[in-house]
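Enquirer: Pasting a structure below so you can have a look.
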Amino acid sequence: MNQPITVYVPRDVTALSLGADKVAKALVMEAAARGIELNLVRNGSRGLFWLEPLVEVATSAGRVAYGPVKARDVAGLFDADFLEGGAHPLGHGLTEEIEYLKRQERLTFARAGITDPLSLDDYIAHDGYRGLRRALGMTPDAIVAEVTESGLRGRGGAAFPTGIKWRTVLGCEAAQKYIVCNADEGDSGTFSDRMVMEDDPFVLIEGMTIAGLAVGATMGYIYLRSEYPHAEATLNAAIARAYAAGYLGDDLLGSGKRFHLELRRGAGAYICGEETALLESVEGKRGTVRPKPPLPAIEGLFGMPTVINNVISLASVPIILDKGGAYYRDFGMGRSLGTLPIQLTGNIARGGLIEKAFGITLRELLYEYGGGSASGRPIRAVQVGGPLGAYLPESQFDTPLDYEAFAALGAVLGHGGIVVFDDTVDMADMARYAMEFCAVESCGKCTPCRIGSTRGEELLEQIIVARSEGPQPGRIELLKSLCDTMLGASLCALGGMTPYPVMSALNHFPEDFGDTAEAR
């Protein structure tokens, strides 16, 4: 008897938004009508979003890709014998040989798009839980040393060395310690956290469990943004399966060690991505920023020592424990070690996820991976690091993705999101939007952020309205002074980083402010 042919259709929310469910249904119905037995697997996304829904077929030569597939294309795929890898206009050959994917260094995203996200058997068959098994035989100090050696830094934006944070919590004496995952992914152009949680949730669970063993924490919380219902459902299902299989609970794999994990839905506020506001929200309070010190590593959740890491930071831990800190450290450049999942969005021909070692340039990403703008017009600017990231002009596209290289430009890598704009963009309007965003999302606790952003929005609106009249040196200088105040006096990064997009737009694109001579 012939075995059913395995066909993969992603369940990732990007694929779903483009009709993946309809494609999956059409495949099943067409196969049934032709008397063909299929084994349909709803995998995660490979991150090649311009090809979604990406249908893959398991063949003797490997998985063959077709995309972007619509339900109306399914009959034609069967006619072309796609179940045997037949030629079709939507065909891309072997998935692993697609140039966009082939040239990546997939460490954190090694399983994304390959496995069924909720299959523990799939996860384990693709090296899952090897890191935890090794960690169970190590001392907490040795685990922290391994993470320190890897050079892993916070992937949420601050880029603080993960090993130092963990060692601080390990050194604290307390009756209870916590691991908190910041999954409040709210930056524009970012989706790598969502992809981990939807496409490979066990890697996050494993990473948090290892973190608990490393610092002596027995309880973990995932703080998930409320706009991610698919991630919420997937995580809850994965957590339940991990408990049932002994990967969570009071006796981890018979070791006598314990770690429990729960999901907490976010409050829907951008400010709750800031670690202390996040802690306030988890505790059931209004999400406002706490002054520092004390640091959360010493007095965090419920006043106890707490590790707070981003999804990608924690999801990078299993491979570090599996293959060793030196293996991970050997990717990257300078002090930016390992890989960064880069998210390419905006006016770009081939948007998606690209995991590369630090050191790749913006120009390579924009043209060799992204294929230039979707509009076909010249790319004028890119914003890196979310809505509070700086705008970089074409003259800076050869900058390598490196924390220190970006800091030297007055920019940030942040969460690795890159939003692309062509030459039709109005940069003064983008600067005004940054101030507006800050005004709307401010928790209101400090005056520079609460009042400064409102005055900044008003000032930029005046500049935009009056720019046709010529130079406005008085308003430009006032805007610079306001930005300087927000940069130096805000309580947290929301107000402190809002000047980045404003000043970069002003410095690199002064003509959009009607003040070419003075702005320079």
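Chain lettering (A, B, ...) mirrors the order of the structure tokens, residue numbering begins at 1 for each chain separately, and ligand numbering begins at 1 in order of display.
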Quick one: everything within 6 Å of segment 302-317 of chain A, counting only C-alpha atoms, minus sequence neighbours fewer than 3 positions away in the same chain. Send it as a PyMOL selection string.

Expert: chain A and resi 108+154-156+169+177-183+193+203-204+207+296-299+320

Enquirer: Would you list the contacts of Phe82 of chain A as a list of chain:residue names, taking every protein, DNA or RNA residue within 10 Å and counting only C-alpha atoms, but skipping same-chain residues closer than 4 positions in sequence?

Expert: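 Counting only the stated atoms, we get A:Glu56, A:Val57, A:Thr59, A:Val64, A:Ala65, A:Tyr66, A:Val74, A:Gly76, A:Leu77, A:Phe78, A:Gly86, A:Ala87, A:His88, A:Gly91.
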
Enquirer: Using only C-alpha atoms, which protein or nucleic acid residues come within 12 Å of Cys446 of chain A? Drop anything in the same chain fewer than 5 positions from it, and give the result as an MDAnalysis selection string.

Expert: chainID A and resid 288:291 439 451:453 485:486 489:496

Enquirer: How about saving the chosen residues, all heavy atoms kept, as a compact mmCIF listing (two decimals), in the first residue's frame?

Expert:
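Ended up saving to result29.txt:
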```
# COMPACT_ATOMS: atom_id res chain seq x y z
N THR A 288 2.87 51.46 34.40
CA THR A 288 3.69 52.67 34.42
C THR A 288 5.12 52.29 34.78
O THR A 288 5.37 51.27 35.43
CB THR A 288 3.17 53.72 35.43
OG1 THR A 288 3.13 53.12 36.74
CG2 THR A 288 1.77 54.18 35.05
N VAL A 289 6.04 53.13 34.38
CA VAL A 289 7.46 52.83 34.56
C VAL A 289 7.89 53.02 36.01
O VAL A 289 7.50 53.98 36.67
CB VAL A 289 8.30 53.74 33.64
CG1 VAL A 289 9.78 53.53 33.86
CG2 VAL A 289 7.93 53.49 32.18
N ARG A 290 8.69 52.09 36.50
CA ARG A 290 9.28 52.22 37.83
C ARG A 290 10.64 52.91 37.72
O ARG A 290 11.38 52.67 36.77
CB ARG A 290 9.52 50.84 38.45
CG ARG A 290 8.30 49.99 38.70
CD ARG A 290 8.74 48.62 39.24
NE ARG A 290 7.61 47.73 39.46
CZ ARG A 290 7.74 46.46 39.83
NH1 ARG A 290 8.95 45.94 40.02
NH2 ARG A 290 6.67 45.71 40.00
N PRO A 291 10.96 53.74 38.69
CA PRO A 291 12.33 54.30 38.71
C PRO A 291 13.34 53.19 38.98
O PRO A 291 13.04 52.19 39.62
CB PRO A 291 12.29 55.30 39.87
CG PRO A 291 10.84 55.53 40.16
CD PRO A 291 10.14 54.27 39.78
N ALA A 439 3.28 60.62 22.30
CA ALA A 439 2.21 61.28 23.06
C ALA A 439 1.07 60.31 23.38
O ALA A 439 0.53 60.30 24.48
CB ALA A 439 1.69 62.49 22.29
N ILE A 451 4.63 65.67 28.36
CA ILE A 451 4.39 67.02 27.82
C ILE A 451 5.27 67.28 26.59
O ILE A 451 4.83 67.87 25.60
CB ILE A 451 4.66 68.10 28.89
CG1 ILE A 451 3.78 67.85 30.12
CG2 ILE A 451 4.41 69.49 28.31
CD1 ILE A 451 2.29 67.91 29.84
N GLY A 452 6.50 66.81 26.65
CA GLY A 452 7.43 67.08 25.55
C GLY A 452 6.96 66.53 24.23
O GLY A 452 7.07 67.17 23.17
N SER A 453 6.39 65.31 24.25
CA SER A 453 5.92 64.71 23.00
C SER A 453 4.73 65.48 22.43
O SER A 453 4.62 65.64 21.21
CB SER A 453 5.54 63.25 23.24
OG SER A 453 4.57 63.13 24.25
N THR A 485 16.07 67.77 25.65
CA THR A 485 15.45 67.60 26.98
C THR A 485 14.85 66.21 27.14
O THR A 485 15.04 65.55 28.16
CB THR A 485 14.36 68.66 27.20
OG1 THR A 485 14.95 69.96 27.13
CG2 THR A 485 13.70 68.49 28.56
N MET A 486 14.11 65.77 26.12
CA MET A 486 13.49 64.44 26.19
C MET A 486 14.54 63.35 26.26
O MET A 486 14.40 62.37 27.00
CB MET A 486 12.59 64.22 24.97
CG MET A 486 11.37 65.11 24.92
SD MET A 486 10.34 64.83 23.45
CE MET A 486 9.71 63.17 23.77
N ALA A 489 16.24 63.61 29.96
CA ALA A 489 15.49 63.70 31.21
C ALA A 489 14.30 62.75 31.32
O ALA A 489 13.65 62.71 32.35
CB ALA A 489 14.99 65.15 31.39
N SER A 490 14.01 61.97 30.28
CA SER A 490 12.88 61.05 30.36
C SER A 490 13.19 59.88 31.29
O SER A 490 14.34 59.44 31.39
CB SER A 490 12.51 60.52 28.97
OG SER A 490 12.05 61.57 28.14
N LEU A 491 12.15 59.35 31.90
CA LEU A 491 12.32 58.27 32.86
C LEU A 491 12.68 56.95 32.19
O LEU A 491 13.39 56.13 32.75
CB LEU A 491 11.04 58.10 33.69
CG LEU A 491 11.07 57.14 34.88
CD1 LEU A 491 12.15 57.53 35.88
CD2 LEU A 491 9.70 57.11 35.57
N CYS A 492 12.18 56.73 30.97
CA CYS A 492 12.48 55.47 30.28
C CYS A 492 12.75 55.74 28.81
O CYS A 492 12.74 56.88 28.35
CB CYS A 492 11.34 54.45 30.45
SG CYS A 492 9.95 54.66 29.32
N ALA A 493 12.95 54.66 28.05
CA ALA A 493 13.36 54.78 26.66
C ALA A 493 12.28 55.32 25.73
O ALA A 493 12.58 55.76 24.63
CB ALA A 493 13.84 53.43 26.14
N LEU A 494 11.00 55.29 26.15
CA LEU A 494 9.95 55.81 25.27
C LEU A 494 10.18 57.29 24.99
O LEU A 494 10.29 57.70 23.82
CB LEU A 494 8.57 55.58 25.87
CG LEU A 494 7.39 56.12 25.05
CD1 LEU A 494 7.38 55.54 23.64
CD2 LEU A 494 6.06 55.84 25.75
N GLY A 495 10.29 58.08 26.02
CA GLY A 495 10.58 59.49 25.83
C GLY A 495 12.02 59.73 25.44
O GLY A 495 12.34 60.62 24.64
N GLY A 496 12.92 58.90 25.96
CA GLY A 496 14.35 59.08 25.70
C GLY A 496 14.77 58.75 24.28
O GLY A 496 15.79 59.24 23.80
```

Enquirer: Determine the nearest neighbour of Leu90 of chain A from the options A:Gly254, A:Ile205, A:Asp122, A:Pro53, counting only C-alpha atoms.

Expert: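 Closest to Leu90 of chain A, using only C-alpha atoms: A:Pro53.
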
Enquirer: Quick check for you: according to DSSP on this backbone, which residues of segment 92-244 of chain A are classed as helix (DSSP H, G or I)? Reply as a count of residues only.

Expert: 79
